[in-house]
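Peer 1: I'm passing along protein-v5.txt; it holds compact mmCIF, C-alpha atoms.
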```
# COMPACT_ATOMS: atom_id res chain seq x y z
CA MET A 1 -13.93 36.75 -17.77
CA SER A 2 -17.56 36.13 -16.91
CA GLU A 3 -18.60 36.61 -13.30
CA THR A 4 -20.67 33.43 -13.72
CA ALA A 5 -17.57 31.37 -14.50
CA PRO A 6 -16.99 28.69 -11.86
CA SER A 7 -14.54 29.62 -9.14
CA CYS A 8 -11.84 27.34 -7.80
CA ASP A 9 -8.73 27.41 -5.66
CA THR A 10 -6.25 26.07 -8.19
CA VAL A 11 -6.12 25.40 -11.92
CA TRP A 12 -3.35 23.38 -13.49
CA THR A 13 -2.92 24.09 -17.19
CA GLY A 14 -0.69 22.67 -19.91
CA ALA A 15 -0.89 19.15 -18.51
CA ARG A 16 -0.50 15.90 -20.39
CA LEU A 17 -3.07 14.14 -18.26
CA LEU A 18 -3.34 10.46 -17.46
CA PRO A 19 -6.46 10.51 -15.23
CA MET A 20 -6.59 6.71 -14.61
CA SER A 21 -10.36 6.91 -14.65
CA ASP A 22 -10.54 3.60 -16.51
CA GLY A 23 -7.62 1.77 -14.96
CA ALA A 24 -5.76 -0.60 -17.29
CA ARG A 25 -7.64 -0.82 -20.60
CA PRO A 26 -7.98 -3.93 -22.79
CA ASP A 27 -6.03 -2.23 -25.58
CA GLY A 28 -2.95 -2.09 -23.37
CA LEU A 29 -2.98 1.65 -22.75
CA PRO A 30 -2.95 2.83 -19.14
CA ASP A 31 -5.79 5.25 -19.93
CA VAL A 32 -6.58 7.89 -22.52
CA LEU A 33 -3.65 10.35 -22.43
CA ILE A 34 -5.09 13.84 -22.79
CA GLU A 35 -2.38 15.85 -24.50
CA ASP A 36 -3.59 19.33 -23.50
CA ALA A 37 -5.52 19.15 -20.27
CA VAL A 38 -6.74 21.27 -17.41
CA ILE A 39 -7.31 20.18 -13.82
CA ALA A 40 -9.27 22.38 -11.42
CA ALA A 41 -9.69 21.94 -7.67
CA ARG A 42 -11.87 23.51 -5.02
CA ASP A 43 -11.50 22.80 -1.29
CA GLY A 44 -8.94 20.12 -2.06
CA ARG A 45 -11.14 18.15 -4.48
CA VAL A 46 -11.17 17.88 -8.26
CA ILE A 47 -14.01 19.71 -9.98
CA TYR A 48 -12.72 19.26 -13.53
CA ALA A 49 -10.05 17.13 -15.20
CA GLY A 50 -10.10 16.93 -18.96
CA PRO A 51 -9.31 18.56 -22.29
CA ALA A 52 -8.47 22.25 -22.18
CA GLY A 53 -10.82 22.89 -25.08
CA GLU A 54 -13.78 21.64 -23.05
CA ALA A 55 -12.90 23.33 -19.75
CA PRO A 56 -14.99 26.19 -18.35
CA ALA A 57 -13.33 29.57 -17.95
CA PHE A 58 -12.50 29.07 -14.29
CA ARG A 59 -11.97 31.99 -11.90
CA ALA A 60 -8.96 30.61 -10.06
CA THR A 61 -7.11 31.90 -7.03
CA ARG A 62 -3.95 30.25 -8.36
CA THR A 63 -2.96 29.00 -11.81
CA ILE A 64 -0.06 26.58 -12.29
CA ASP A 65 1.41 25.91 -15.73
CA CYS A 66 2.56 22.30 -16.03
CA ALA A 67 4.44 23.19 -19.24
CA GLY A 68 3.51 20.00 -21.04
CA ARG A 69 4.54 17.67 -18.22
CA LEU A 70 2.82 14.38 -17.53
CA VAL A 71 0.28 14.52 -14.70
CA THR A 72 -1.07 11.40 -12.98
CA PRO A 73 -2.99 10.83 -9.78
CA GLY A 74 -0.78 10.81 -6.71
CA LEU A 75 0.59 7.31 -6.24
CA ILE A 76 -0.74 4.95 -3.56
CA ASP A 77 1.37 2.44 -1.64
CA CYS A 78 -1.35 0.09 -0.40
CA HIS A 79 0.75 -2.40 1.62
CA THR A 80 3.56 -1.33 3.97
CA HIS A 81 4.95 -2.16 7.39
CA LEU A 82 6.68 1.19 7.44
CA VAL A 83 6.60 1.87 11.20
CA TYR A 84 9.04 -0.25 13.22
CA GLY A 85 12.03 -0.02 15.49
CA GLY A 86 15.57 -1.19 14.88
CA SER A 87 17.25 -2.60 11.78
CA ARG A 88 17.93 -6.06 10.41
CA ALA A 89 20.80 -5.15 8.10
CA GLY A 90 23.10 -7.36 10.17
CA GLU A 91 20.87 -10.36 9.55
CA PHE A 92 20.95 -9.60 5.84
CA GLU A 93 24.74 -9.57 5.94
CA ALA A 94 24.78 -12.86 7.84
CA ARG A 95 22.50 -14.55 5.32
CA LEU A 96 24.81 -13.47 2.51
CA VAL A 97 27.63 -15.53 4.03
CA GLY A 98 25.45 -18.59 4.59
CA VAL A 99 23.81 -18.25 8.00
CA SER A 100 20.30 -19.68 7.75
CA TYR A 101 17.16 -17.80 8.69
CA GLU A 102 16.42 -20.55 11.23
CA ASP A 103 19.78 -20.02 12.94
CA ILE A 104 19.19 -16.28 13.00
CA ALA A 105 15.76 -16.79 14.53
CA ARG A 106 17.09 -19.19 17.17
CA ALA A 107 19.65 -16.55 18.12
CA GLY A 108 16.84 -14.06 18.78
CA GLY A 109 16.72 -12.47 15.34
CA GLY A 110 14.01 -12.28 12.74
CA ILE A 111 10.64 -10.78 13.62
CA VAL A 112 11.40 -11.18 17.34
CA SER A 113 14.31 -8.78 16.93
CA THR A 114 12.05 -6.17 15.32
CA MET A 115 9.37 -6.81 17.94
CA ARG A 116 11.79 -6.14 20.79
CA ALA A 117 13.12 -2.95 19.18
CA THR A 118 9.59 -1.75 18.46
CA ARG A 119 8.37 -2.48 21.97
CA ALA A 120 11.33 -0.53 23.36
CA ALA A 121 10.66 2.55 21.20
CA SER A 122 8.46 5.46 22.21
CA GLU A 123 5.88 6.86 19.82
CA ALA A 124 8.16 9.83 19.12
CA GLU A 125 11.08 7.50 18.42
CA LEU A 126 8.96 5.44 16.02
CA VAL A 127 7.92 8.61 14.19
CA ALA A 128 11.52 9.81 13.94
CA ALA A 129 12.77 6.44 12.67
CA SER A 130 9.96 6.02 10.15
CA ALA A 131 9.79 9.55 8.75
CA PRO A 132 12.78 9.10 6.37
CA ARG A 133 11.18 5.95 4.92
CA LEU A 134 7.92 7.79 4.32
CA GLY A 135 9.88 10.72 2.92
CA ASP A 136 11.37 8.42 0.28
CA LEU A 137 7.87 7.33 -0.79
CA ILE A 138 6.68 10.92 -0.94
CA ALA A 139 9.64 11.77 -3.19
CA ASP A 140 8.30 9.09 -5.56
CA GLY A 141 4.96 10.89 -5.86
CA VAL A 142 3.08 8.96 -3.16
CA THR A 143 0.12 10.80 -1.64
CA THR A 144 -1.54 7.88 0.19
CA VAL A 145 0.12 5.07 2.11
CA GLU A 146 -1.20 2.14 4.11
CA ILE A 147 0.76 1.43 7.29
CA LYS A 148 0.26 -1.76 9.28
CA SER A 149 0.95 -2.51 12.90
CA GLY A 150 2.15 -6.01 13.77
CA TYR A 151 5.62 -5.60 15.26
CA GLY A 152 4.38 -4.77 18.75
CA LEU A 153 2.31 -7.93 19.32
CA GLU A 154 1.00 -6.47 22.58
CA LEU A 155 -1.58 -3.75 23.12
CA ALA A 156 0.71 -0.92 24.23
CA ALA A 157 3.20 -1.36 21.40
CA GLU A 158 0.53 -1.93 18.74
CA ARG A 159 -1.13 1.29 19.92
CA ARG A 160 2.14 3.21 19.64
CA MET A 161 2.68 1.91 16.11
CA LEU A 162 -0.78 2.98 14.94
CA ARG A 163 -0.52 6.35 16.67
CA ALA A 164 2.90 6.88 15.09
CA ALA A 165 1.46 6.05 11.66
CA ARG A 166 -1.28 8.65 12.07
CA ALA A 167 1.23 11.20 13.35
CA LEU A 168 3.44 10.65 10.31
CA GLY A 169 0.56 11.52 8.00
CA GLU A 170 -0.04 14.78 9.83
CA LYS A 171 3.67 15.59 9.99
CA LEU A 172 4.50 14.94 6.33
CA GLY A 173 1.26 15.80 4.52
CA VAL A 174 0.18 12.41 3.23
CA SER A 175 -2.96 10.32 3.68
CA VAL A 176 -2.32 7.36 5.96
CA SER A 177 -4.58 4.32 6.18
CA THR A 178 -3.89 2.34 9.35
CA THR A 179 -4.29 -1.44 9.38
CA PHE A 180 -4.29 -3.51 12.57
CA LEU A 181 -2.06 -6.55 12.05
CA GLY A 182 -1.99 -7.97 15.55
CA ALA A 183 -2.22 -11.45 13.98
CA HIS A 184 1.18 -11.09 12.32
CA ALA A 185 3.10 -13.60 14.43
CA VAL A 186 2.88 -15.31 17.80
CA PRO A 187 5.10 -13.44 20.31
CA PRO A 188 7.58 -15.38 22.46
CA GLU A 189 5.48 -15.09 25.61
CA PHE A 190 2.71 -17.04 23.83
CA ALA A 191 5.02 -19.65 22.25
CA GLY A 192 3.02 -22.79 21.50
CA ARG A 193 -0.23 -21.02 22.42
CA ALA A 194 -1.36 -19.36 19.21
CA ASP A 195 -5.05 -19.64 20.09
CA ALA A 196 -4.49 -17.95 23.43
CA TYR A 197 -2.62 -15.12 21.71
CA LEU A 198 -5.41 -14.78 19.17
CA ASP A 199 -7.88 -14.50 22.05
CA ASP A 200 -5.84 -11.53 23.27
CA VAL A 201 -5.89 -10.00 19.79
CA ILE A 202 -9.66 -10.43 19.42
CA ASP A 203 -10.84 -9.75 22.96
CA GLY A 204 -8.21 -7.27 24.11
CA MET A 205 -6.35 -5.40 21.39
CA LEU A 206 -9.07 -5.13 18.75
CA PRO A 207 -11.74 -3.58 21.00
CA ALA A 208 -9.31 -1.19 22.67
CA LEU A 209 -7.76 0.08 19.44
CA ALA A 210 -11.16 0.28 17.76
CA ASP A 211 -12.54 2.38 20.60
CA GLU A 212 -9.59 4.75 20.18
CA GLY A 213 -10.33 5.16 16.45
CA LEU A 214 -6.93 3.86 15.38
CA ILE A 215 -8.07 1.14 12.95
CA ASP A 216 -9.12 1.50 9.31
CA ALA A 217 -8.86 -2.20 8.42
CA VAL A 218 -7.80 -5.53 9.94
CA ASP A 219 -5.18 -7.86 8.43
CA ALA A 220 -3.62 -11.23 9.32
CA PHE A 221 -0.82 -13.50 8.14
CA CYS A 222 -2.29 -16.83 7.04
CA GLU A 223 0.64 -19.24 6.82
CA GLY A 224 2.06 -22.31 8.49
CA ILE A 225 4.50 -20.16 10.47
CA ALA A 226 1.76 -17.76 11.52
CA PHE A 227 -2.02 -18.40 11.71
CA SER A 228 -4.27 -21.07 10.26
CA PRO A 229 -7.35 -20.37 8.12
CA ALA A 230 -9.59 -21.31 11.05
CA GLN A 231 -7.81 -18.84 13.30
CA VAL A 232 -7.97 -16.13 10.65
CA GLU A 233 -11.68 -16.73 10.21
CA ARG A 234 -12.23 -16.11 13.91
CA LEU A 235 -10.42 -12.80 13.62
CA PHE A 236 -12.31 -11.81 10.48
CA GLN A 237 -15.64 -12.50 12.13
CA ALA A 238 -14.70 -10.34 15.10
CA ALA A 239 -13.40 -7.53 12.89
CA GLN A 240 -16.43 -7.52 10.63
CA ALA A 241 -18.77 -7.58 13.63
CA ARG A 242 -17.20 -4.21 14.48
CA GLY A 243 -17.62 -2.96 10.92
CA PHE A 244 -14.00 -3.14 9.81
CA PRO A 245 -12.99 -4.29 6.31
CA VAL A 246 -10.48 -7.13 6.21
CA LYS A 247 -7.47 -8.08 4.11
CA LEU A 248 -5.00 -10.95 4.24
CA HIS A 249 -1.38 -11.96 3.72
CA ALA A 250 -2.10 -15.13 1.76
CA GLU A 251 -0.34 -17.84 -0.21
CA GLN A 252 3.13 -16.33 0.17
CA LEU A 253 5.00 -19.48 1.22
CA SER A 254 2.40 -22.19 0.66
CA ASN A 255 -1.22 -22.63 -0.38
CA LEU A 256 -3.49 -22.70 2.67
CA HIS A 257 -6.42 -21.36 0.59
CA GLY A 258 -6.28 -18.08 2.46
CA ALA A 259 -7.23 -16.08 -0.62
CA ALA A 260 -10.47 -18.02 -0.99
CA LEU A 261 -11.16 -17.46 2.71
CA ALA A 262 -10.51 -13.74 2.27
CA ALA A 263 -12.81 -13.64 -0.75
CA ARG A 264 -15.60 -15.35 1.21
CA HIS A 265 -15.39 -12.49 3.67
CA GLY A 266 -15.40 -9.86 0.92
CA ALA A 267 -11.84 -8.84 1.75
CA LEU A 268 -10.48 -5.68 0.22
CA SER A 269 -7.36 -7.52 -0.88
CA ALA A 270 -5.34 -10.69 -0.64
CA ASP A 271 -1.61 -9.97 -0.76
CA HIS A 272 1.57 -11.77 -1.91
CA LEU A 273 -0.17 -14.75 -3.65
CA GLU A 274 2.87 -16.58 -5.03
CA HIS A 275 1.16 -19.94 -4.36
CA LEU A 276 -2.37 -18.92 -5.31
CA ASP A 277 -4.39 -21.62 -7.09
CA ALA A 278 -7.24 -21.56 -9.60
CA ALA A 279 -9.92 -21.87 -6.92
CA GLY A 280 -8.52 -18.88 -5.10
CA ILE A 281 -8.42 -16.85 -8.30
CA ALA A 282 -12.05 -17.72 -9.07
CA ALA A 283 -13.12 -16.76 -5.56
CA MET A 284 -11.31 -13.43 -5.78
CA ALA A 285 -12.80 -12.69 -9.17
CA ALA A 286 -16.30 -13.37 -7.85
CA SER A 287 -15.87 -11.22 -4.74
CA GLY A 288 -13.94 -8.33 -6.33
CA THR A 289 -11.04 -8.85 -3.94
CA VAL A 290 -7.89 -7.12 -5.20
CA ALA A 291 -4.69 -9.10 -5.75
CA THR A 292 -1.89 -7.03 -4.23
CA LEU A 293 1.49 -8.18 -5.55
CA LEU A 294 4.68 -7.43 -3.64
CA PRO A 295 7.70 -7.84 -5.93
CA GLY A 296 10.11 -6.38 -3.38
CA ALA A 297 9.58 -9.32 -1.05
CA TYR A 298 9.80 -11.76 -3.96
CA TYR A 299 13.14 -10.23 -4.96
CA PHE A 300 14.62 -9.84 -1.49
CA THR A 301 13.82 -13.37 -0.32
CA ARG A 302 15.01 -14.87 -3.63
CA GLU A 303 11.63 -16.47 -4.18
CA THR A 304 11.28 -18.48 -7.40
CA HIS A 305 7.56 -19.34 -7.40
CA LEU A 306 5.87 -16.60 -9.43
CA PRO A 307 2.37 -15.37 -8.62
CA PRO A 308 -0.09 -16.49 -11.34
CA VAL A 309 -0.32 -13.13 -13.11
CA ALA A 310 -1.65 -14.48 -16.42
CA ALA A 311 -4.45 -16.34 -14.67
CA LEU A 312 -5.34 -13.31 -12.54
CA ARG A 313 -5.38 -11.19 -15.67
CA ALA A 314 -7.56 -13.67 -17.55
CA ALA A 315 -10.03 -13.83 -14.65
CA GLY A 316 -10.31 -10.06 -14.47
CA VAL A 317 -8.98 -9.80 -10.92
CA PRO A 318 -7.76 -6.23 -10.29
CA ILE A 319 -4.02 -6.18 -9.55
CA ALA A 320 -2.37 -3.70 -7.21
CA LEU A 321 1.34 -3.21 -6.56
CA ALA A 322 3.00 -2.12 -3.33
CA THR A 323 6.43 -1.90 -1.72
CA ASP A 324 5.71 -4.11 1.33
CA CYS A 325 8.24 -1.83 3.05
CA ASN A 326 9.44 -3.81 6.09
CA PRO A 327 12.73 -4.52 7.87
CA GLY A 328 13.01 -8.24 7.20
CA THR A 329 11.84 -9.19 3.72
CA SER A 330 11.35 -5.99 1.71
CA PRO A 331 13.30 -2.94 2.89
CA LEU A 332 12.00 -1.10 -0.17
CA THR A 333 11.03 2.57 -0.04
CA SER A 334 10.49 3.30 -3.74
CA LEU A 335 7.11 2.66 -5.32
CA LEU A 336 8.59 3.47 -8.73
CA LEU A 337 11.11 0.66 -8.26
CA ALA A 338 8.26 -1.63 -7.16
CA MET A 339 6.61 -0.89 -10.52
CA ASN A 340 9.80 -1.75 -12.37
CA MET A 341 10.07 -4.98 -10.40
CA GLY A 342 6.43 -5.78 -11.14
CA ALA A 343 7.15 -5.41 -14.84
CA THR A 344 10.50 -7.22 -14.97
CA LEU A 345 9.85 -10.00 -12.44
CA PHE A 346 6.11 -10.55 -12.84
CA ARG A 347 5.73 -9.46 -16.50
CA LEU A 348 3.07 -6.87 -15.76
CA THR A 349 2.45 -4.35 -18.51
CA VAL A 350 3.05 -0.63 -18.12
CA ALA A 351 -0.71 -0.16 -17.97
CA GLU A 352 -1.07 -2.73 -15.20
CA CYS A 353 1.77 -1.22 -13.19
CA LEU A 354 0.29 2.27 -13.37
CA ALA A 355 -3.18 1.04 -12.49
CA GLY A 356 -1.62 -1.02 -9.72
CA VAL A 357 -0.34 2.06 -7.87
CA THR A 358 -3.36 4.27 -8.55
CA ILE A 359 -6.91 3.09 -9.17
CA HIS A 360 -6.43 -0.54 -8.13
CA ALA A 361 -4.37 0.41 -5.09
CA ALA A 362 -7.22 2.70 -4.06
CA ARG A 363 -9.62 -0.21 -4.38
CA ALA A 364 -7.32 -2.34 -2.20
CA LEU A 365 -7.83 0.29 0.51
CA GLY A 366 -11.58 0.52 -0.03
CA ARG A 367 -11.22 4.11 -1.26
CA LYS A 368 -13.20 5.68 -4.10
CA ASP A 369 -11.95 9.23 -3.54
CA ILE A 370 -8.33 8.68 -4.60
CA GLY A 371 -6.46 6.90 -7.40
CA ALA A 372 -8.11 8.71 -10.31
CA LEU A 373 -8.37 12.37 -11.28
CA VAL A 374 -12.12 12.69 -11.66
CA PRO A 375 -14.63 15.17 -10.25
CA GLY A 376 -15.20 14.59 -6.55
CA ALA A 377 -11.87 12.86 -5.92
CA TRP A 378 -9.18 14.41 -3.78
CA ALA A 379 -6.85 16.64 -5.78
CA ASP A 380 -3.82 14.39 -5.25
CA LEU A 381 -1.53 14.95 -8.25
CA ALA A 382 1.95 13.91 -9.32
CA VAL A 383 3.64 16.01 -12.01
CA TRP A 384 6.46 14.22 -13.80
CA ASP A 385 9.51 15.19 -15.85
CA VAL A 386 9.10 12.31 -18.30
CA ALA A 387 8.25 12.11 -21.98
CA ALA A 388 5.91 9.12 -21.72
CA PRO A 389 4.08 7.15 -19.00
CA ALA A 390 6.27 4.11 -19.69
CA GLU A 391 9.28 5.99 -18.26
CA LEU A 392 7.75 5.75 -14.78
CA VAL A 393 8.04 1.96 -15.03
CA TYR A 394 11.18 1.77 -17.17
CA ARG A 395 13.59 3.72 -14.98
CA ILE A 396 15.65 2.11 -12.23
CA GLY A 397 16.52 4.86 -9.76
CA GLY A 398 16.34 8.59 -10.36
CA ARG A 399 13.74 11.08 -9.26
CA PRO A 400 11.46 12.02 -12.17
CA LEU A 401 8.95 13.77 -9.89
CA HIS A 402 8.65 17.48 -10.69
CA ALA A 403 5.95 18.36 -8.15
CA ARG A 404 3.47 16.64 -5.87
CA TYR A 405 0.15 18.03 -4.70
CA TRP A 406 -1.77 16.54 -1.79
CA ARG A 407 -5.40 17.64 -1.54
CA GLY A 408 -4.61 20.52 -3.84
CA GLN A 409 -1.61 21.82 -1.88
```
Would it be possible to restate this file's structure as structure tokens?
Peer 2:
Amino acid sequence: MSETAPSCDTVWTGARLLPMSDGARPDGLPDVLIEDAVIAARDGRVIYAGPAGEAPAFRATRTIDCAGRLVTPGLIDCHTHLVYGGSRAGEFEARLVGVSYEDIARAGGGIVSTMRATRAASEAELVAASAPRLGDLIADGVTTVEIKSGYGLELAAERRMLRAARALGEKLGVSVSTTFLGAHAVPPEFAGRADAYLDDVIDGMLPALADEGLIDAVDAFCEGIAFSPAQVERLFQAAQARGFPVKLHAEQLSNLHGAALAARHGALSADHLEHLDAAGIAAMAASGTVATLLPGAYYFTRETHLPPVAALRAAGVPIALATDCNPGTSPLTSLLLAMNMGATLFRLTVAECLAGVTIHAARALGRKDIGALVPGAWADLAVWDVAAPAELVYRIGGRPLHARYWRGQ
């Protein structure tokens, strides 16, 4: 071997590579499937990913034979509420026998129940409770996950949630993007005073958490039971004045035109979108805002109003998929199952599902260094025991992951 051959830490050979460099293509394929591919990484980043016949003769510290297995980018779960205290399985059981959500809420359940359990938990307890949920995602090939706050609804608890999220990434070897969701709900101590609570979010929590470096993005819940568009706009202005990208829970239960508001602010994503209208779609298409669909919540809440997938597709709006892992409306910890739900419930294609948990999910997090196996990106790989990419969407249950590499390791 030539001494001038490029050196690298790791070379993967014998891969059937789906690099996702193009996302979902017009011809319906998820990307060009390279039947005999090589991937090379140095210092945790890809330096080559392509046909074996065109690869340099790398001098590698380690060579891994993929033995003809499918290799994709590591998957990205771009919308979760994974860190929280307590459980709401009892509420789920009660709803099954006819107890209404309103009755549960009046009895101290719902988000208030999760808020109280989260406030009572230490950072270490939040990490311990959340680690198994993150472990499930990792077993599905996830290498990056977004984790929101929003169950503390006070500075100390919101801080613990965000610190726990960061600690989980270090503990389990996964990239964690932390999103401040202080504007998730109005806590009981501010009942009837949403504007006063929002003042606390904007003037108290946001500056403190920003100064501690705990925020990657800022989110809000724009809905009749949460915050109005005018209130959200105040938060967005404050967040963007501090340089943070924004995103929004929008049009889940009704159409308050939150998606159009998000698009006006250049939001990374607008999420849920069951009641999204044509004006919102046009605004998102113009701004490049990603539509993040959350089929787990649609399924778990027995929603019947489908998000306008065909219109989003026709407008060229990028579509991401995520688990929305949370205790109340989507206790889902499998991104593979979220893909299956996206296909069966929302009629997404295999190509759209795969792009939705790779390149488009990366875009929903404002990341250009993950989601595709291209030179310069992090060497986040998932190696699969499947015959074809469609099997990753087709299966319900099972663990087709053969190996997962995060930043080359």
Peer 1: Counting only C-alpha atoms, write as a list of chain:residue names all protein and nucleic acid residues lying at most 7 Å from (9.1, -16.3, 10.1) in the file's frame.
Peer 2: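 Within 7 Å of (9.1, -16.3, 10.1), the protein and nucleic acid residues are A:Gly110, A:Ile111, A:Ile225.
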Peer 1: Would you output that residue set with C-alpha atoms, as a PDB file, in the coordinates of the input?
Peer 2:
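Dumped everything to selection-v6.pdb:
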```
ATOM      1  CA  GLY A 110      14.010 -12.280  12.740  1.00  0.00           C
ATOM      2  CA  ILE A 111      10.640 -10.780  13.620  1.00  0.00           C
ATOM      3  CA  ILE A 225       4.500 -20.160  10.470  1.00  0.00           C
TER       4      ILE A 225
END
```
Peer 1: Which one is closest to A:Gly356: A:Arg302, A:Glu93, A:Ala157, A:Leu294? Count all atoms listed in the file.
Peer 2: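 Residue with the minimum atom-to-atom distance to A:Gly356: A:Leu294.
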Peer 1: Could you check which of A:Met339, A:Ala315, A:Leu306, A:Val112 is closest to A:Ser87, using only C-alpha atoms?
Peer 2: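 Ranking A:Met339, A:Ala315, A:Leu306, A:Val112 by distance to A:Ser87, first place goes to A:Val112.
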Peer 1: Go through A:Glu223, A:Leu248, A:Val290, A:Leu155 and flag the residue nearest A:Pro207, using only C-alpha atoms for the distances.
Peer 2: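 For A:Pro207, the nearest of the candidates is A:Leu155.
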Peer 1: Pick the closest to A:Arg116 from A:Pro187, A:Glu91, A:Thr323, A:Thr301: which is it, counting only C-alpha atoms?
Peer 2: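 Ranking A:Pro187, A:Glu91, A:Thr323, A:Thr301 by distance to A:Arg116, first place goes to A:Pro187.
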Peer 1: Interatomic distance between atom CA of A:Ala57 and atom CA of A:Gly376?
Peer 2: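 Separation between atom CA of A:Ala57 and atom CA of A:Gly376: 18.9 Å.
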Peer 1: May I ask which of the residues A:Tyr84, A:Phe92, A:Tyr405, A:Tyr394 is the closest one to A:Arg160, counting all atoms listed in the file?
Peer 2: A:Tyr84
